[in-house]
$ cat work-v9.pdb   # PDB, C-alpha atoms
ATOM      1  CA  MET A 265      22.406 -25.751   5.184
ATOM      2  CA  LYS A 266      25.205 -23.460   6.328
ATOM      3  CA  LEU A 267      27.200 -21.937   3.487
ATOM      4  CA  SER A 268      30.465 -20.055   3.903
ATOM      5  CA  VAL A 269      31.491 -17.477   1.310
ATOM      6  CA  ARG A 270      34.809 -15.909   0.396
ATOM      7  CA  HIS A 271      34.559 -13.526  -2.556
ATOM      8  CA  THR A 272      37.633 -11.532  -3.544
ATOM      9  CA  THR A 273      37.700  -8.922  -6.313
ATOM     10  CA  ARG A 274      41.078  -7.443  -7.299
ATOM     11  CA  TYR A 275      41.667  -4.556  -9.684
ATOM     12  CA  ARG A 276      45.045  -3.736 -11.224
ATOM     13  CA  PHE A 277      45.668  -0.687 -13.396
ATOM     14  CA  ASP A 278      48.449  -0.424 -15.948
ATOM     15  CA  HIS A 279      49.361   2.999 -14.532
ATOM     16  CA  PRO A 280      48.471   4.772 -11.257
ATOM     17  CA  VAL A 281      45.055   6.468 -11.121
ATOM     18  CA  ARG A 282      44.017   9.464  -9.032
ATOM     19  CA  GLY A 283      41.240   7.585  -7.302
ATOM     20  CA  VAL A 284      38.344   5.132  -7.528
ATOM     21  CA  VAL A 285      34.755   5.432  -6.334
ATOM     22  CA  GLN A 286      32.609   2.306  -6.094
ATOM     23  CA  SER A 287      29.003   1.489  -5.312
ATOM     24  CA  LEU A 288      28.940  -1.837  -3.451
ATOM     25  CA  ARG A 289      25.866  -4.049  -3.301
ATOM     26  CA  LEU A 290      27.425  -6.998  -1.529
ATOM     27  CA  TRP A 291      25.158  -7.623   1.472
ATOM     28  CA  PRO A 292      22.576 -10.420   1.379
ATOM     29  CA  ALA A 293      19.294  -9.677   3.144
ATOM     30  CA  ASP A 294      17.559 -11.912   5.635
ATOM     31  CA  CYS A 295      14.441 -13.549   4.260
ATOM     32  CA  ALA A 296      12.591 -16.829   4.732
ATOM     33  CA  SER A 297      15.091 -18.811   2.653
ATOM     34  CA  GLN A 298      18.304 -17.376   4.107
ATOM     35  CA  LYS A 299      19.591 -15.968   7.394
ATOM     36  CA  VAL A 300      22.833 -14.040   7.665
ATOM     37  CA  LEU A 301      24.968 -15.520  10.460
ATOM     38  CA  SER A 302      28.015 -13.328   9.788
ATOM     39  CA  TRP A 303      29.016 -11.052   6.941
ATOM     40  CA  GLU A 304      31.879  -8.625   6.379
ATOM     41  CA  VAL A 305      32.783  -6.515   3.354
ATOM     42  CA  ARG A 306      36.432  -5.441   3.544
ATOM     43  CA  THR A 307      37.638  -2.428   1.571
ATOM     44  CA  GLU A 308      41.158  -1.860   2.850
ATOM     45  CA  GLY A 309      42.401   1.686   2.304
ATOM     46  CA  ALA A 310      38.978   3.014   1.353
ATOM     47  CA  THR A 311      36.824   5.709   2.901
ATOM     48  CA  ARG A 312      33.319   4.370   3.380
ATOM     49  CA  GLY A 313      30.527   6.787   2.559
ATOM     50  CA  ALA A 314      26.748   6.746   2.546
ATOM     51  CA  GLU A 315      24.817   3.512   3.007
ATOM     52  CA  PHE A 316      21.164   2.944   2.156
ATOM     53  CA  THR A 317      18.598   0.245   1.446
ATOM     54  CA  ASP A 318      16.739   0.757  -1.811
ATOM     55  CA  GLY A 319      13.115   0.014  -2.645
ATOM     56  CA  ALA A 320      14.027  -3.508  -3.749
ATOM     57  CA  GLY A 321      15.391  -4.229  -0.268
ATOM     58  CA  ASP A 322      19.040  -4.272  -1.328
ATOM     59  CA  ARG A 323      21.714  -2.563   0.779
ATOM     60  CA  THR A 324      24.221  -0.345  -1.015
ATOM     61  CA  ALA A 325      27.328   1.391   0.336
ATOM     62  CA  LEU A 326      29.788   3.795  -1.274
ATOM     63  CA  ALA A 327      33.559   3.381  -0.987
ATOM     64  CA  SER A 328      36.307   5.608  -2.347
ATOM     65  CA  TRP A 329      40.074   5.210  -2.645
ATOM     66  CA  ARG A 330      42.519   8.101  -3.085
ATOM     67  CA  GLY A 331      45.481   7.677  -5.381
ATOM     68  CA  PRO A 332      47.939   7.358  -6.752
ATOM     69  CA  LEU A 333      46.489   3.858  -6.908
ATOM     70  CA  GLU A 334      47.689   0.840  -8.856
ATOM     71  CA  THR A 335      45.667  -1.908  -7.156
ATOM     72  CA  LEU A 336      42.637  -2.296  -4.923
ATOM     73  CA  THR A 337      40.838  -5.248  -3.380
ATOM     74  CA  VAL A 338      37.273  -5.805  -2.194
ATOM     75  CA  GLU A 339      36.811  -8.908  -0.061
ATOM     76  CA  VAL A 340      33.603 -10.508   1.211
ATOM     77  CA  ILE A 341      33.648 -13.097   3.992
ATOM     78  CA  GLY A 342      30.480 -14.508   5.496
ATOM     79  CA  GLU A 343      28.265 -17.367   6.513
ATOM     80  CA  ILE A 344      24.619 -17.884   5.625
ATOM     81  CA  GLU A 345      22.064 -20.435   6.783
ATOM     82  CA  THR A 346      19.767 -21.450   3.942
ATOM     83  CA  VAL A 347      16.617 -23.525   3.447
ATOM     84  CA  ASP A 348      14.921 -24.740   0.277
ATOM     85  CA  LEU A 349      11.671 -22.898  -0.487
ATOM     86  CA  PHE A 350      11.533 -24.068  -4.124
ATOM     87  CA  GLY A 351      12.612 -20.677  -5.410
ATOM     88  CA  VAL A 352       9.882 -18.675  -3.675
ATOM     89  CA  LEU A 353      11.105 -15.385  -2.174
ATOM     90  CA  ARG A 354       9.301 -14.743   1.112
ATOM     91  CA  ASP A 355       9.641 -12.121   3.850
ATOM     92  CA  HIS A 356      11.985  -9.983   1.779
ATOM     93  CA  ARG A 357      12.215  -6.297   2.724
ATOM     94  CA  GLU A 358      11.093  -4.580  -0.479
ATOM     95  CA  LYS A 359       8.537  -1.873  -1.084
ATOM     96  CA  GLY A 360       8.069  -1.412  -4.839
ATOM     97  CA  PRO A 361       5.253  -3.014  -6.851
ATOM     98  CA  ALA A 362       6.039  -5.930  -9.144
ATOM     99  CA  SER A 363       4.917  -3.873 -12.144
ATOM    100  CA  LEU A 364       8.179  -1.913 -11.898
ATOM    101  CA  TYR A 365       9.865  -4.957 -13.406
ATOM    102  CA  LEU A 366       7.982  -4.810 -16.679
ATOM    103  CA  ARG A 367      10.523  -2.174 -17.676
ATOM    104  CA  SER A 368      12.753  -3.152 -20.557
ATOM    105  CA  THR A 369      16.431  -2.312 -21.021
ATOM    106  CA  ARG A 370      18.797  -2.821 -23.922
ATOM    107  CA  GLN A 371      20.033  -6.138 -22.543
ATOM    108  CA  VAL A 372      16.580  -7.655 -21.954
ATOM    109  CA  ARG A 373      14.519  -6.040 -24.716
ATOM    110  CA  PRO A 374      12.673  -8.814 -26.581
ATOM    111  CA  ASP A 375      13.169  -8.845 -30.331
ATOM    112  CA  GLN A 376      10.869 -10.826 -32.622
ATOM    113  CA  ASP A 377      12.740 -14.099 -32.028
ATOM    114  CA  LEU A 378      12.385 -13.757 -28.264
ATOM    115  CA  LYS A 379       8.704 -12.895 -28.655
ATOM    116  CA  ASP A 380       8.251 -15.971 -30.836
ATOM    117  CA  LEU A 381      10.067 -18.147 -28.271
ATOM    118  CA  SER A 382       7.793 -16.798 -25.538
ATOM    119  CA  ALA A 383       4.654 -17.451 -27.554
ATOM    120  CA  SER A 384       5.695 -20.968 -28.589
ATOM    121  CA  ALA A 385       6.536 -21.901 -24.988
ATOM    122  CA  LEU A 386       3.005 -20.994 -23.913
ATOM    123  CA  VAL A 387       1.096 -22.695 -26.732
ATOM    124  CA  GLY A 388      -1.778 -24.736 -25.283
ATOM    125  CA  MET A 389      -1.363 -23.246 -21.795
ATOM    126  CA  THR A 390      -4.380 -20.925 -21.796
ATOM    127  CA  GLY A 391      -5.835 -22.620 -18.730
ATOM    128  CA  ALA A 392      -2.512 -23.318 -17.016
ATOM    129  CA  SER A 393      -1.482 -21.754 -13.719
ATOM    130  CA  ASP A 394       0.809 -18.740 -13.629
ATOM    131  CA  LEU A 395       3.498 -20.925 -12.044
ATOM    132  CA  ASP A 396       3.271 -23.529 -14.805
ATOM    133  CA  ARG A 397       3.545 -20.776 -17.412
ATOM    134  CA  ALA A 398       6.678 -19.435 -15.704
ATOM    135  CA  HIS A 399       8.226 -22.911 -15.654
ATOM    136  CA  ALA A 400       7.435 -23.323 -19.353
ATOM    137  CA  LEU A 401       9.244 -20.075 -20.193
ATOM    138  CA  ALA A 402      12.284 -21.105 -18.146
ATOM    139  CA  LYS A 403      12.429 -24.493 -19.893
ATOM    140  CA  ALA A 404      12.180 -22.835 -23.300
ATOM    141  CA  VAL A 405      15.184 -20.616 -22.522
ATOM    142  CA  THR A 406      17.218 -23.562 -21.222
ATOM    143  CA  ASP A 407      16.489 -25.535 -24.385
ATOM    144  CA  ALA A 408      17.217 -22.590 -26.691
ATOM    145  CA  ILE A 409      20.558 -21.452 -25.208
ATOM    146  CA  GLU A 410      23.305 -23.983 -24.562
ATOM    147  CA  TYR A 411      25.484 -23.301 -21.525
ATOM    148  CA  ALA A 412      28.879 -22.501 -23.042
ATOM    149  CA  PRO A 413      31.411 -20.230 -21.272
ATOM    150  CA  GLY A 414      33.400 -17.835 -23.427
ATOM    151  CA  GLU A 415      30.819 -17.494 -26.195
ATOM    152  CA  THR A 416      29.337 -14.194 -24.987
ATOM    153  CA  ARG A 417      30.532 -10.996 -23.324
ATOM    154  CA  ALA A 418      29.392  -8.777 -20.459
ATOM    155  CA  HIS A 419      27.317  -6.559 -22.758
ATOM    156  CA  THR A 420      25.746  -9.353 -24.828
ATOM    157  CA  THR A 421      21.987  -8.863 -25.074
ATOM    158  CA  ALA A 422      19.287 -11.485 -24.647
ATOM    159  CA  ALA A 423      18.535 -11.235 -28.369
ATOM    160  CA  GLU A 424      22.186 -11.809 -29.274
ATOM    161  CA  ALA A 425      22.480 -14.796 -26.914
ATOM    162  CA  LEU A 426      19.376 -16.414 -28.385
ATOM    163  CA  SER A 427      20.626 -15.785 -31.915
ATOM    164  CA  GLY A 428      23.970 -17.416 -31.109
ATOM    165  CA  GLY A 429      22.340 -20.255 -29.175
ATOM    166  CA  LYS A 430      25.073 -20.250 -26.516
ATOM    167  CA  GLY A 431      25.797 -18.352 -23.313
ATOM    168  CA  VAL A 432      26.284 -18.383 -19.562
ATOM    169  CA  CYS A 433      24.045 -17.747 -16.570
ATOM    170  CA  GLN A 434      23.866 -14.013 -17.307
ATOM    171  CA  ASP A 435      22.546 -14.729 -20.804
ATOM    172  CA  HIS A 436      20.005 -17.272 -19.561
ATOM    173  CA  ALA A 437      18.742 -14.769 -16.991
ATOM    174  CA  HIS A 438      18.486 -11.966 -19.566
ATOM    175  CA  ALA A 439      16.663 -14.195 -22.042
ATOM    176  CA  LEU A 440      14.210 -15.417 -19.403
ATOM    177  CA  ILE A 441      13.436 -11.847 -18.395
ATOM    178  CA  ALA A 442      12.858 -10.991 -22.056
ATOM    179  CA  VAL A 443      10.452 -13.854 -22.773
ATOM    180  CA  ALA A 444       8.623 -13.149 -19.504
ATOM    181  CA  HIS A 445       8.183  -9.506 -20.489
ATOM    182  CA  ALA A 446       6.903 -10.615 -23.876
ATOM    183  CA  ALA A 447       4.239 -12.607 -22.013
ATOM    184  CA  GLY A 448       3.374  -9.649 -19.766
ATOM    185  CA  ILE A 449       5.038 -11.154 -16.676
ATOM    186  CA  PRO A 450       7.191  -8.937 -14.411
ATOM    187  CA  ALA A 451      10.731 -10.321 -14.219
ATOM    188  CA  ARG A 452      14.090  -9.217 -12.827
ATOM    189  CA  TYR A 453      17.758 -10.133 -12.722
ATOM    190  CA  VAL A 454      19.198 -11.594  -9.502
ATOM    191  CA  THR A 455      22.824 -11.825  -8.416
ATOM    192  CA  GLY A 456      24.177 -14.160  -5.775
ATOM    193  CA  TYR A 457      26.219 -17.272  -5.129
ATOM    194  CA  LEU A 458      25.764 -20.963  -5.856
ATOM    195  CA  GLN A 459      27.590 -23.674  -3.964
ATOM    196  CA  ALA A 460      27.736 -26.125  -6.857
ATOM    197  CA  ASP A 461      26.228 -26.981 -10.227
ATOM    198  CA  GLU A 462      23.774 -29.821 -10.663
ATOM    199  CA  ASP A 463      26.744 -32.064 -11.523
ATOM    200  CA  GLY A 464      28.455 -31.092  -8.266
ATOM    201  CA  GLN A 465      31.100 -28.852  -9.814
ATOM    202  CA  GLN A 466      32.138 -25.880  -7.700
ATOM    203  CA  HIS A 467      31.517 -22.376  -9.021
ATOM    204  CA  GLU A 468      34.469 -20.032  -9.482
ATOM    205  CA  ALA A 469      32.463 -16.832  -9.877
ATOM    206  CA  SER A 470      29.274 -15.286  -8.627
ATOM    207  CA  HIS A 471      26.041 -16.585 -10.095
ATOM    208  CA  ALA A 472      22.912 -15.073 -11.624
ATOM    209  CA  TRP A 473      19.328 -16.111 -12.254
ATOM    210  CA  ALA A 474      15.917 -14.514 -12.840
ATOM    211  CA  GLU A 475      12.874 -14.000 -10.669
ATOM    212  CA  LEU A 476       9.386 -13.966 -12.213
ATOM    213  CA  PHE A 477       6.345 -12.603 -10.426
ATOM    214  CA  VAL A 478       3.659 -15.236  -9.864
ATOM    215  CA  PRO A 479       0.534 -13.598  -8.370
ATOM    216  CA  GLU A 480      -0.371 -16.428  -5.989
ATOM    217  CA  LEU A 481       3.207 -16.825  -4.714
ATOM    218  CA  GLY A 482       5.055 -13.544  -5.292
ATOM    219  CA  TRP A 483       8.586 -13.575  -6.698
ATOM    220  CA  VAL A 484       9.863 -17.009  -7.748
ATOM    221  CA  GLY A 485      13.438 -17.686  -8.837
ATOM    222  CA  PHE A 486      14.331 -19.669 -11.968
ATOM    223  CA  ASP A 487      17.898 -20.663 -12.829
ATOM    224  CA  ALA A 488      17.574 -21.509 -16.505
ATOM    225  CA  ALA A 489      21.319 -22.173 -16.750
ATOM    226  CA  ASN A 490      20.951 -25.106 -14.349
ATOM    227  CA  ARG A 491      17.360 -26.057 -15.205
ATOM    228  CA  CYS A 492      16.117 -25.587 -11.624
ATOM    229  CA  CYS A 493      14.717 -23.159  -9.075
ATOM    230  CA  PRO A 494      17.093 -21.776  -6.421
ATOM    231  CA  ASP A 495      17.339 -24.097  -3.411
ATOM    232  CA  GLU A 496      19.482 -24.307  -0.274
ATOM    233  CA  ARG A 497      22.690 -24.103  -2.351
ATOM    234  CA  TYR A 498      21.896 -20.523  -3.393
ATOM    235  CA  ILE A 499      22.594 -17.220  -1.645
ATOM    236  CA  ARG A 500      20.656 -14.220  -2.941
ATOM    237  CA  LEU A 501      22.524 -10.882  -2.981
ATOM    238  CA  GLY A 502      20.407  -8.394  -4.913
ATOM    239  CA  SER A 503      18.279  -7.674  -7.951
ATOM    240  CA  GLY A 504      17.819  -5.223 -10.801
ATOM    241  CA  TYR A 505      16.473  -4.746 -14.311
ATOM    242  CA  ASP A 506      19.497  -6.474 -15.875
ATOM    243  CA  ALA A 507      23.079  -7.488 -15.095
ATOM    244  CA  GLN A 508      24.399  -3.946 -15.191
ATOM    245  CA  ASP A 509      21.664  -2.607 -12.937
ATOM    246  CA  ALA A 510      22.076  -5.453 -10.424
ATOM    247  CA  ALA A 511      25.890  -5.523 -10.465
ATOM    248  CA  PRO A 512      27.367  -6.163  -6.984
ATOM    249  CA  ILE A 513      30.194  -3.698  -7.723
ATOM    250  CA  ARG A 514      29.991  -0.626  -9.955
ATOM    251  CA  GLY A 515      32.725   1.986 -10.080
ATOM    252  CA  VAL A 516      34.282   5.052 -11.614
ATOM    253  CA  VAL A 517      38.022   5.628 -12.098
ATOM    254  CA  GLN A 518      39.231   9.193 -11.645
ATOM    255  CA  GLY A 519      41.819  10.542 -14.045
ATOM    256  CA  SER A 520      42.892   9.203 -17.423
ATOM    257  CA  THR A 521      41.313   5.865 -18.229
ATOM    258  CA  PRO A 522      43.873   3.088 -17.707
ATOM    259  CA  GLU A 523      43.756  -0.502 -18.862
ATOM    260  CA  GLU A 524      42.059  -2.422 -16.068
ATOM    261  CA  HIS A 525      42.826  -6.013 -15.084
ATOM    262  CA  LEU A 526      40.158  -7.751 -13.031
ATOM    263  CA  GLU A 527      40.554 -10.921 -10.978
ATOM    264  CA  VAL A 528      37.593 -12.513  -9.205
ATOM    265  CA  GLU A 529      37.799 -15.460  -6.843
ATOM    266  CA  VAL A 530      34.700 -16.981  -5.268
ATOM    267  CA  VAL A 531      34.567 -19.967  -2.956
ATOM    268  CA  VAL A 532      31.193 -21.129  -1.623
ATOM    269  CA  ALA A 533      31.445 -24.124   0.687
ATOM    270  CA  ASN A 534      29.171 -26.149   2.901
ATOM    271  CA  GLY A 535      30.130 -24.823   6.351
ATOM    272  CA  GLN A 536      28.706 -27.872   8.121
ATOM    273  CA  GLN A 537      30.978 -30.200   6.135
ATOM    274  CA  GLN A 538      33.987 -27.985   6.856
ATOM    275  CA  GLN A 539      33.427 -28.342  10.605
ATOM    276  CA  GLN A 540      33.356 -32.146  10.457
TER     277      GLN A 540
END
$ encode --input "work-v9.pdb" --output "structure tokens"
Amino acid sequence: MKLSVRHTTRYRFDHPVRGVVQSLRLWPADCASQKVLSWEVRTEGATRGAEFTDGAGDRTALASWRGPLETLTVEVIGEIETVDLFGVLRDHREKGPASLYLRSTRQVRPDQDLKDLSASALVGMTGASDLDRAHALAKAVTDAIEYAPGETRAHTTAAEALSGGKGVCQDHAHALIAVAHAAGIPARYVTGYLQADEDGQQHEASHAWAELFVPELGWVGFDAANRCCPDERYIRLGSGYDAQDAAPIRGVVQGSTPEEHLEVEVVVANGQQQQQ
């Protein structure tokens, strides 16, 4: 499948700032499930700085804007060819061992309820395969947290989302990482794009899911929010320990801290259908 992406992020400040510096992780990598046909990250008015690829295989670039500045825009335009590998990440350019992703952070630290959820999901699975165990954990998170926009915030933890019983894709990913860690399974947060939900509804923002390490397969993606593994509708951008670590855009405002207004528009379309 060919997917076209237009992702626009606009910042408005309630008074001019002296400058903004951002770390951009907005470039998808080629791997067995996706091939970049074209991709451009536009940062009008910015000075582009250092670029590097980290140990996880994700490309990062620095951009800075000099003020006085009241608005700035980051725009991504690209096209990706994807295939369905049932969530398995193959031929990805990373160097670090999977054990790095046993590290816990505030957002994914398992409390007793998450540990109990992990244990209950794996009851009777002593002889099961690692893949079956991973699927069982993903199902447990889906069943425990109802998809409900507006019930959680950017800094909501996995424990808080489970306690409330409602959340969005970020919360499902955090909770899945937490229950995987409780079971001794390396897991990480993944950012990217999704063309449509299972019911066919278009997404209006970037998407997130989790990858669990399965020894016989490597990293395998699980989208607990949609009760599936990533397929040809998904574009993988990057990964990290949690949502903050994996954020596609992170920045610092220079000068007094203003009130910031953020607008994000994402359109992911089937490029083959558009050409017909």
$ residues_around --input "work-v9.pdb" --residues "Glu339 in chain A" --least-positions-apart "2" --cutoff "6 Å" --atoms "all atoms listed in the file" --output "list in words"
His271, Thr272, Val305 and Arg306 of chain A
$ resolve_selection --input "work-v9.pdb" --expression "the PyMOL selection byres ((chain A and resi 531) around 12)" --output "number ranges by chain"
A: 267-273, 339-343, 457-460, 465-471, 528-530, 532-535
$ atom_distance --input "work-v9.pdb" --atom1 "CA of Gly360 in chain A" --atom2 "CA of Asp506 in chain A"
16.7 Å
$ closest_residue --input "work-v9.pdb" --among "A:Val443, A:Leu364, A:Ala412, A:Ala423" --to "Ser382 in chain A" --atoms "only C-alpha atoms"
A:Val443
$ resolve_selection --input "work-v9.pdb" --expression "the PyMOL selection byres ((chain A and resi 315) around 12)" --output "list in words"
Ser287, Leu288, Arg289, Leu290, Trp291, Arg312, Gly313, Ala314, Phe316, Thr317, Asp318, Asp322, Arg323, Thr324, Ala325, Leu326 and Ala327 of chain A
$ closest_residue --input "work-v9.pdb" --among "A:Gly319, A:Pro494, A:Pro479, A:Gly456" --to "Leu349 in chain A" --atoms "only C-alpha atoms"
A:Pro494
$ residues_around --input "work-v9.pdb" --residues "Gln298 in chain A" --least-positions-apart "3" --cutoff "8 Å" --atoms "all atoms listed in the file" --output "list of chain:residue names"
A:Ala293, A:Asp294, A:Cys295, A:Ile344, A:Glu345, A:Thr346, A:Val347, A:Ile499
$ residues_near_point --input "work-v9.pdb" --point "(52.9, 0.0, -16.1)" --cutoff "10 Å" --atoms "only C-alpha atoms" --output "list in words"
Arg276, Phe277, Asp278, His279, Pro280, Glu334, Pro522 and Glu523 of chain A
$ resolve_selection --input "work-v9.pdb" --expression "the PyMOL selection byres ((chain A and resi 440) around 7)" --output "PyMOL selection string"
chain A and resi 401-402+405+436-439+441-444+474
$ write_last_selection --input "work-v9.pdb" --atoms "C-alpha atoms" --output "mmCIF file, keeping the file's coordinate frame"
data_model
loop_
_atom_site.group_PDB
_atom_site.id
_atom_site.type_symbol
_atom_site.label_atom_id
_atom_site.label_comp_id
_atom_site.auth_asym_id
_atom_site.auth_seq_id
_atom_site.Cartn_x
_atom_site.Cartn_y
_atom_site.Cartn_z
ATOM 1 C CA LEU A 401 9.244 -20.075 -20.193
ATOM 2 C CA ALA A 402 12.284 -21.105 -18.146
ATOM 3 C CA VAL A 405 15.184 -20.616 -22.522
ATOM 4 C CA HIS A 436 20.005 -17.272 -19.561
ATOM 5 C CA ALA A 437 18.742 -14.769 -16.991
ATOM 6 C CA HIS A 438 18.486 -11.966 -19.566
ATOM 7 C CA ALA A 439 16.663 -14.195 -22.042
ATOM 8 C CA ILE A 441 13.436 -11.847 -18.395
ATOM 9 C CA ALA A 442 12.858 -10.991 -22.056
ATOM 10 C CA VAL A 443 10.452 -13.854 -22.773
ATOM 11 C CA ALA A 444 8.623 -13.149 -19.504
ATOM 12 C CA ALA A 474 15.917 -14.514 -12.840
#
$ residues_around --input "work-v9.pdb" --residues "Gln434 in chain A" --least-positions-apart "6" --cutoff "8 Å" --atoms "only C-alpha atoms" --output "PyMOL selection string"
chain A and resi 471-473+507
